[in-house]
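Raw contents of final_6.pdb, PDB, C-alpha atoms:
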ATOM      1  CA  LEU A  11      66.280 135.428  93.172
ATOM      2  CA  ARG A  12      69.994 134.728  92.955
ATOM      3  CA  ARG A  13      70.088 133.898  96.660
ATOM      4  CA  LEU A  14      67.120 131.561  96.256
ATOM      5  CA  PHE A  15      68.878 129.873  93.345
ATOM      6  CA  PHE A  16      72.022 129.211  95.407
ATOM      7  CA  VAL A  17      69.975 127.904  98.327
ATOM      8  CA  GLN A  18      68.156 125.484  96.038
ATOM      9  CA  GLU A  19      71.405 124.356  94.423
ATOM     10  CA  ALA A  20      73.008 123.855  97.846
ATOM     11  CA  GLU A  21      70.074 121.709  98.910
ATOM     12  CA  LYS A  22      70.428 119.603  95.754
ATOM     13  CA  MET A  23      74.149 119.218  96.309
ATOM     14  CA  SER A  24      73.703 118.210  99.945
ATOM     15  CA  LYS A  25      71.251 115.505  98.886
ATOM     16  CA  LEU A  26      73.919 114.114  96.560
ATOM     17  CA  LEU A  27      76.912 114.482  98.847
ATOM     18  CA  LEU A  28      75.489 113.247 102.133
ATOM     19  CA  PRO A  29      74.807 109.687 100.909
ATOM     20  CA  LEU A  30      78.214 109.659  99.197
ATOM     21  CA  CYS A  31      79.991 110.771 102.384
ATOM     22  CA  ALA A  32      78.084 108.183 104.386
ATOM     23  CA  MET A  33      79.215 105.429 102.021
ATOM     24  CA  MET A  34      82.818 106.609 102.175
ATOM     25  CA  LEU A  35      82.805 106.721 105.961
ATOM     26  CA  ALA A  36      81.325 103.227 106.042
ATOM     27  CA  GLY A  37      83.972 101.915 103.641
ATOM     28  CA  CYS A  38      86.113 100.314 106.334
ATOM     29  CA  SER A  39      84.741  99.036 109.603
ATOM     30  CA  ASN A  40      85.976 100.202 113.001
ATOM     31  CA  ILE A  41      85.428  96.834 114.679
ATOM     32  CA  PRO A  42      88.382  95.909 116.926
ATOM     33  CA  ALA A  43      89.647  92.331 116.990
ATOM     34  CA  LYS A  44      88.415  91.820 120.564
ATOM     35  CA  ASP A  45      84.825  92.404 119.403
ATOM     36  CA  ASN A  46      85.034  90.100 116.398
ATOM     37  CA  ALA A  47      86.373  86.821 117.757
ATOM     38  CA  ALA A  48      84.472  83.656 116.878
ATOM     39  CA  GLY A  49      85.381  81.033 119.457
ATOM     40  CA  GLY A  50      87.857  78.705 117.818
ATOM     41  CA  HIS A  51      91.499  78.455 118.878
ATOM     42  CA  PRO A  52      93.639  81.306 120.286
ATOM     43  CA  PHE A  53      95.437  83.071 117.434
ATOM     44  CA  VAL A  54      99.155  83.230 118.203
ATOM     45  CA  LEU A  55     100.686  84.747 115.087
ATOM     46  CA  GLU A  56     104.196  83.355 115.559
ATOM     47  CA  GLU A  57     102.799  79.905 116.315
ATOM     48  CA  PHE A  58     100.384  79.513 113.426
ATOM     49  CA  PHE A  59     102.519  81.164 110.728
ATOM     50  CA  ALA A  60     105.601  79.035 111.426
ATOM     51  CA  GLY A  61     106.866  76.516 108.903
ATOM     52  CA  GLU A  62     104.967  75.679 105.735
ATOM     53  CA  LEU A  63     101.285  76.365 105.103
ATOM     54  CA  GLY A  64      98.917  75.878 102.183
ATOM     55  CA  ALA A  65      96.153  78.274 101.126
ATOM     56  CA  HIS A  66      93.205  78.003  98.760
ATOM     57  CA  GLY A  67      90.902  80.850  97.810
ATOM     58  CA  VAL A  68      88.731  82.810  95.415
ATOM     59  CA  ILE A  69      88.690  86.489  94.453
ATOM     60  CA  LEU A  70      85.257  88.086  94.109
ATOM     61  CA  GLY A  71      84.456  91.212  92.100
ATOM     62  CA  ARG A  72      82.362  94.035  93.506
ATOM     63  CA  GLY A  73      79.177  92.285  92.361
ATOM     64  CA  GLY A  74      80.069  89.087  94.222
ATOM     65  CA  LYS A  75      81.033  87.058  91.128
ATOM     66  CA  VAL A  76      84.155  84.899  91.229
ATOM     67  CA  ARG A  77      86.883  86.546  89.152
ATOM     68  CA  ARG A  78      89.847  84.294  89.952
ATOM     69  CA  SER A  79      90.869  81.357  92.111
ATOM     70  CA  PHE A  80      94.260  80.417  93.501
ATOM     71  CA  ASN A  81      96.380  78.040  95.542
ATOM     72  CA  ALA A  82      99.333  79.227  97.579
ATOM     73  CA  ILE A  83     102.295  78.054  99.608
ATOM     74  CA  MET A  84     103.402  80.127 102.609
ATOM     75  CA  ARG A  85     106.493  79.789 104.791
ATOM     76  CA  GLY A  86     107.039  81.560 108.086
ATOM     77  CA  GLU A  87     110.107  82.031 110.285
ATOM     78  CA  TRP A  88     110.393  83.905 113.594
ATOM     79  CA  ARG A  89     113.230  85.118 115.767
ATOM     80  CA  GLU A  90     113.970  87.505 118.614
ATOM     81  CA  GLU A  91     116.310  90.461 118.136
ATOM     82  CA  GLU A  92     117.222  92.328 121.306
ATOM     83  CA  GLY A  93     114.013  91.184 122.949
ATOM     84  CA  VAL A  94     111.797  92.127 119.972
ATOM     85  CA  LEU A  95     109.912  89.378 118.132
ATOM     86  CA  LYS A  96     110.269  89.546 114.355
ATOM     87  CA  GLY A  97     109.043  87.297 111.589
ATOM     88  CA  VAL A  98     109.197  86.750 107.843
ATOM     89  CA  LEU A  99     106.302  85.243 105.875
ATOM     90  CA  THR A 100     106.831  84.412 102.203
ATOM     91  CA  GLU A 101     103.856  83.748  99.944
ATOM     92  CA  GLU A 102     103.696  82.219  96.470
ATOM     93  CA  PHE A 103     100.313  82.299  94.704
ATOM     94  CA  VAL A 104      99.453  80.247  91.630
ATOM     95  CA  PHE A 105      96.263  81.488  89.933
ATOM     96  CA  ASP A 106      93.841  79.492  87.829
ATOM     97  CA  ASP A 107      95.265  81.060  84.642
ATOM     98  CA  GLY A 108      98.811  79.960  85.518
ATOM     99  CA  GLU A 109     100.072  83.321  86.738
ATOM    100  CA  VAL A 110     102.448  83.211  89.710
ATOM    101  CA  LEU A 111     102.788  86.051  92.220
ATOM    102  CA  GLN A 112     105.075  86.291  95.242
ATOM    103  CA  ARG A 113     105.222  88.440  98.366
ATOM    104  CA  ARG A 114     107.511  88.695 101.363
ATOM    105  CA  TRP A 115     106.048  90.068 104.591
ATOM    106  CA  GLU A 116     108.225  91.259 107.470
ATOM    107  CA  PHE A 117     106.499  91.533 110.853
ATOM    108  CA  THR A 118     107.548  93.152 114.130
ATOM    109  CA  ARG A 119     105.690  92.879 117.415
ATOM    110  CA  VAL A 120     105.081  96.350 118.822
ATOM    111  CA  GLY A 121     102.911  95.498 121.815
ATOM    112  CA  GLU A 122     100.654  92.913 123.395
ATOM    113  CA  GLY A 123      98.651  91.423 120.527
ATOM    114  CA  ARG A 124      99.901  94.102 118.108
ATOM    115  CA  PHE A 125     102.245  93.821 115.138
ATOM    116  CA  GLU A 126     103.403  95.962 112.243
ATOM    117  CA  GLY A 127     104.114  94.584 108.795
ATOM    118  CA  THR A 128     105.802  95.700 105.591
ATOM    119  CA  ALA A 129     105.972  94.324 102.042
ATOM    120  CA  SER A 130     107.251  95.658  98.717
ATOM    121  CA  ASP A 131     103.758  96.218  97.291
ATOM    122  CA  VAL A 132     102.284  97.722 100.460
ATOM    123  CA  GLU A 133     102.293 101.480 100.979
ATOM    124  CA  GLY A 134     103.471 102.435 104.434
ATOM    125  CA  THR A 135     102.952  99.987 107.290
ATOM    126  CA  ALA A 136     100.320  97.317 107.827
ATOM    127  CA  MET A 137      98.743  97.331 111.287
ATOM    128  CA  LEU A 138      97.845  94.007 112.916
ATOM    129  CA  GLU A 139      95.725  93.399 116.013
ATOM    130  CA  VAL A 140      95.152  89.964 117.565
ATOM    131  CA  SER A 141      92.540  89.016 120.162
ATOM    132  CA  GLY A 142      91.073  85.604 120.913
ATOM    133  CA  ASN A 143      90.945  83.633 117.672
ATOM    134  CA  ALA A 144      90.683  86.792 115.535
ATOM    135  CA  LEU A 145      93.311  88.811 113.717
ATOM    136  CA  ARG A 146      92.598  92.127 111.993
ATOM    137  CA  MET A 147      95.089  93.550 109.499
ATOM    138  CA  ASP A 148      94.739  96.905 107.702
ATOM    139  CA  TYR A 149      96.979  98.118 104.898
ATOM    140  CA  ALA A 150      97.165  99.930 101.549
ATOM    141  CA  LEU A 151      98.009  97.562  98.709
ATOM    142  CA  VAL A 152      99.362  98.591  95.306
ATOM    143  CA  VAL A 153      97.584  96.413  92.731
ATOM    144  CA  PRO A 154      98.635  96.115  89.064
ATOM    145  CA  VAL A 155      95.636  96.660  86.776
ATOM    146  CA  SER A 156      96.317  96.553  83.020
ATOM    147  CA  ASP A 157      99.132  99.042  82.310
ATOM    148  CA  ARG A 158      98.853 100.978  85.563
ATOM    149  CA  SER A 159      98.740 100.462  89.311
ATOM    150  CA  LEU A 160      95.905 101.098  91.741
ATOM    151  CA  THR A 161      96.191 101.577  95.500
ATOM    152  CA  VAL A 162      93.371  99.961  97.447
ATOM    153  CA  GLN A 163      92.629  99.794 101.167
ATOM    154  CA  VAL A 164      92.474  96.245 102.487
ATOM    155  CA  GLU A 165      90.665  95.159 105.631
ATOM    156  CA  ASP A 166      91.875  91.656 106.402
ATOM    157  CA  TRP A 167      90.159  89.378 108.927
ATOM    158  CA  LEU A 168      91.540  85.983 109.911
ATOM    159  CA  TRP A 169      89.904  83.530 112.325
ATOM    160  CA  ARG A 170      91.732  80.503 113.711
ATOM    161  CA  MET A 171      88.942  77.943 113.788
ATOM    162  CA  GLU A 172      91.150  74.918 114.533
ATOM    163  CA  PRO A 173      94.808  74.657 115.614
ATOM    164  CA  ASP A 174      95.853  74.136 111.979
ATOM    165  CA  VAL A 175      93.055  75.966 110.107
ATOM    166  CA  VAL A 176      92.463  79.683 109.543
ATOM    167  CA  VAL A 177      89.589  81.261 107.605
ATOM    168  CA  ASN A 178      90.471  84.573 105.954
ATOM    169  CA  LYS A 179      88.204  87.284 104.532
ATOM    170  CA  SER A 180      89.809  90.288 102.815
ATOM    171  CA  THR A 181      87.721  93.263 101.730
ATOM    172  CA  MET A 182      89.131  95.852  99.304
ATOM    173  CA  HIS A 183      87.978  99.473  99.211
ATOM    174  CA  LYS A 184      88.723 102.394  96.934
ATOM    175  CA  TRP A 185      87.489 105.910  97.782
ATOM    176  CA  GLY A 186      85.340 104.312 100.468
ATOM    177  CA  PHE A 187      83.587 101.923  98.080
ATOM    178  CA  ARG A 188      83.869  98.143  98.362
ATOM    179  CA  ILE A 189      85.367  96.819  95.119
ATOM    180  CA  GLY A 190      85.955  93.160  95.909
ATOM    181  CA  GLU A 191      86.605  90.415  98.417
ATOM    182  CA  ILE A 192      88.927  87.460  98.856
ATOM    183  CA  ILE A 193      87.903  84.316 100.723
ATOM    184  CA  THR A 194      90.773  82.031 101.741
ATOM    185  CA  THR A 195      91.331  78.911 103.830
ATOM    186  CA  ILE A 196      94.860  78.556 105.236
ATOM    187  CA  VAL A 197      96.058  75.180 106.526
ATOM    188  CA  ARG A 198      99.285  74.389 108.353
ATOM    189  CA  LYS A 199     101.303  71.496 106.973
ATOM    190  CA  PRO A 200     101.766  68.518 109.351
ATOM    191  CA  ASP A 201     105.415  69.353 110.099
ATOM    192  CA  ALA A 202     104.570  72.999 110.833
ATOM    193  CA  SER A 203     103.337  72.070 114.304
ATOM    194  CA  GLN A 204     106.811  70.854 115.244
ATOM    195  CA  GLN A 205     108.364  74.032 113.847
ATOM    196  CA  ALA A 206     105.903  76.077 115.893
ATOM    197  CA  LEU A 207     107.063  74.255 119.022
ATOM    198  CA  SER A 208     110.625  75.160 118.061
ATOM    199  CA  VAL A 209     109.653  78.825 117.742
ATOM    200  CA  GLU A 210     107.999  78.713 121.154
ATOM    201  CA  LYS A 211     111.112  77.193 122.677
ATOM    202  CA  GLN A 212     113.415  79.772 121.067
ATOM    203  CA  THR A 213     111.311  82.823 121.893
ATOM    204  CA  GLY A 214     109.811  81.710 125.204
ATOM    205  CA  ILE A 215     106.323  82.562 123.874
ATOM    206  CA  SER A 216     103.510  79.885 124.244
ATOM    207  CA  SER A 217      98.088  87.738 102.502
ATOM    208  CA  PHE A 218      99.415  89.736  97.863
ATOM    209  CA  PHE A 219      97.214  89.636  95.053
ATOM    210  CA  GLU A 220      96.330  90.917  91.655
ATOM    211  CA  TRP A 221      92.639  91.505  91.080
ATOM    212  CA  LYS A 222      90.701  91.813  87.863
ATOM    213  CA  ILE A 223      88.171  94.435  88.929
ATOM    214  CA  ALA A 224      85.036  94.705  86.857
TER     215      ALA A 224
END
Show how you would write the structure in this file as structure tokens.
Amino acid sequence: LRRLFFVQEAEKMSKLLLPLCAMMLAGCSNIPAKDNAAGGHPFVLEEFFAGELGAHGVILGRGGKVRRSFNAIMRGEWREEEGVLKGVLTEEFVFDDGEVLQRRWEFTRVGEGRFEGTASDVEGTAMLEVSGNALRMDYALVVPVSDRSLTVQVEDWLWRMEPDVVVNKSTMHKWGFRIGEIITTIVRKPDASQQALSVEKQTGISSFFEWKIA
């Protein structure tokens, strides 16, 4: 009888755990950038994120409802150090409630179409992969929530639809569950194109948020 009891309990537990494990495994996609391009314009990181850019977006809760909106100013600079391309991207976000948040990204190219990035509120290293007009970026972000901090996994997708326009979708996960999304449009300022040409000449080469989760 005891053995039968444990078998029955194990069956019940497996019915509960299997769907949970499946959801956790499906939390972040394994789609590479080369399989998720969408036409558009080739995404050259050091070309697009050079000079000043503007961004406008909304933050969605896990149910799809808009929780916050924001405007942002970004500034990018690139240089070569001993043959290695490096860049700095500063971001300043102004939210609809007046709050201002800032971030400074530092990027290093580590291979063809591959970069690594660091920021003060990112745990470890962000991994970037570029192919066609698509850029995928994965990282663990430390988010302030009330009087504590929460680390969430971010899957960032950016598509360069026009030479000066990028569409960005960020999906946040915790314990494998999707907890929110950010939809952003990033636009290069008119003088950024000239700065991008300067970067190309010098190098010889043709998102950061606080969420209210509910």
Subject >> Result set, the PyMOL selection byres ((chain A and resi 161-176) around 8) on current file, as a PyMOL selection string >> reply: chain A and resi 38+47-53+58+143-153+159-160+177-184+195-199
May I have the residues from that selection written out with C-alpha atoms, as a PDB file, in the frame of the given file?
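File again.pdb, as written:
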ATOM      1  CA  CYS A  38      86.113 100.314 106.334  1.00  0.00           C
ATOM      2  CA  ALA A  47      86.373  86.821 117.757  1.00  0.00           C
ATOM      3  CA  ALA A  48      84.472  83.656 116.878  1.00  0.00           C
ATOM      4  CA  GLY A  49      85.381  81.033 119.457  1.00  0.00           C
ATOM      5  CA  GLY A  50      87.857  78.705 117.818  1.00  0.00           C
ATOM      6  CA  HIS A  51      91.499  78.455 118.878  1.00  0.00           C
ATOM      7  CA  PRO A  52      93.639  81.306 120.286  1.00  0.00           C
ATOM      8  CA  PHE A  53      95.437  83.071 117.434  1.00  0.00           C
ATOM      9  CA  PHE A  58     100.384  79.513 113.426  1.00  0.00           C
ATOM     10  CA  ASN A 143      90.945  83.633 117.672  1.00  0.00           C
ATOM     11  CA  ALA A 144      90.683  86.792 115.535  1.00  0.00           C
ATOM     12  CA  LEU A 145      93.311  88.811 113.717  1.00  0.00           C
ATOM     13  CA  ARG A 146      92.598  92.127 111.993  1.00  0.00           C
ATOM     14  CA  MET A 147      95.089  93.550 109.499  1.00  0.00           C
ATOM     15  CA  ASP A 148      94.739  96.905 107.702  1.00  0.00           C
ATOM     16  CA  TYR A 149      96.979  98.118 104.898  1.00  0.00           C
ATOM     17  CA  ALA A 150      97.165  99.930 101.549  1.00  0.00           C
ATOM     18  CA  LEU A 151      98.009  97.562  98.709  1.00  0.00           C
ATOM     19  CA  VAL A 152      99.362  98.591  95.306  1.00  0.00           C
ATOM     20  CA  VAL A 153      97.584  96.413  92.731  1.00  0.00           C
ATOM     21  CA  SER A 159      98.740 100.462  89.311  1.00  0.00           C
ATOM     22  CA  LEU A 160      95.905 101.098  91.741  1.00  0.00           C
ATOM     23  CA  VAL A 177      89.589  81.261 107.605  1.00  0.00           C
ATOM     24  CA  ASN A 178      90.471  84.573 105.954  1.00  0.00           C
ATOM     25  CA  LYS A 179      88.204  87.284 104.532  1.00  0.00           C
ATOM     26  CA  SER A 180      89.809  90.288 102.815  1.00  0.00           C
ATOM     27  CA  THR A 181      87.721  93.263 101.730  1.00  0.00           C
ATOM     28  CA  MET A 182      89.131  95.852  99.304  1.00  0.00           C
ATOM     29  CA  HIS A 183      87.978  99.473  99.211  1.00  0.00           C
ATOM     30  CA  LYS A 184      88.723 102.394  96.934  1.00  0.00           C
ATOM     31  CA  THR A 195      91.331  78.911 103.830  1.00  0.00           C
ATOM     32  CA  ILE A 196      94.860  78.556 105.236  1.00  0.00           C
ATOM     33  CA  VAL A 197      96.058  75.180 106.526  1.00  0.00           C
ATOM     34  CA  ARG A 198      99.285  74.389 108.353  1.00  0.00           C
ATOM     35  CA  LYS A 199     101.303  71.496 106.973  1.00  0.00           C
TER      36      LYS A 199
END
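Every polymer residue reaching to within 6 Å of (97.3, 81.3, 94.9), counting all atoms listed in the file, appears in this list: Phe80, Asn81, Ala82, Phe103, Val104 and Phe105 of chain A.
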Original post:
Just so the selection is clear, what residues does the PyMOL selection byres ((chain A and resi 101) around 12) cover here, as a ChimeraX atom specification?
Top reply: /A:59,61-65,81-86,98-100,102-104,110-116,129,196,217-219
Original post:
Looking at A:Gly142, A:Gly73, A:Gly121, A:Gly97, which one is nearest to Asn46 in chain A, with distances taken over only C-alpha atoms?
Top reply: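 Of A:Gly142, A:Gly73, A:Gly121, A:Gly97, the one nearest Asn46 in chain A is A:Gly142, counting only C-alpha atoms.
For the set A:Ile193, A:Val54, A:Ala60, A:Val120, the residue with the smallest atom-to-atom gap to Met137 in chain A is A:Val120, counting all atoms listed in the file.
In terms of minimum interatomic distance to Glu57 in chain A, A:Glu87 ranks closest within A:Asp157, A:Asp107, A:Glu87, A:Glu122, counting all atoms listed in the file.
In this structure, CA of Ser141 in chain A sits 21.7 Å away from CA of Ile192 in chain A.
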Subject >> Length of the CA of Val94 in chain A to CA of Thr135 in chain A vector [Å] >> reply: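 According to the coordinates, CA of Val94 in chain A and CA of Thr135 in chain A are separated by 17.3 Å.
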Calculate, to one decimal in Å, the centre and edge lengths of the box along x, y and z of the file that holds all listed atoms of range 84-101 of chain A with 6 Å of margin on each side, and present them as AutoDock Vina command-line options.
--center_x 110.3 --center_y 86.1 --center_z 111.4 --size_x 25.8 --size_y 24.5 --size_z 35.0
**OP:** List the neighbours of Glu126 in chain A out to 6 Å using all atoms listed in the file; skip same-chain residues closer than 6 positions along the sequence, and give me the result as a PyMOL selection string.
**Re:** chain A and resi 117-118+136-138
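Put simply, CA of Lys44 in chain A is 28.7 Å away from CA of Gly71 in chain A.
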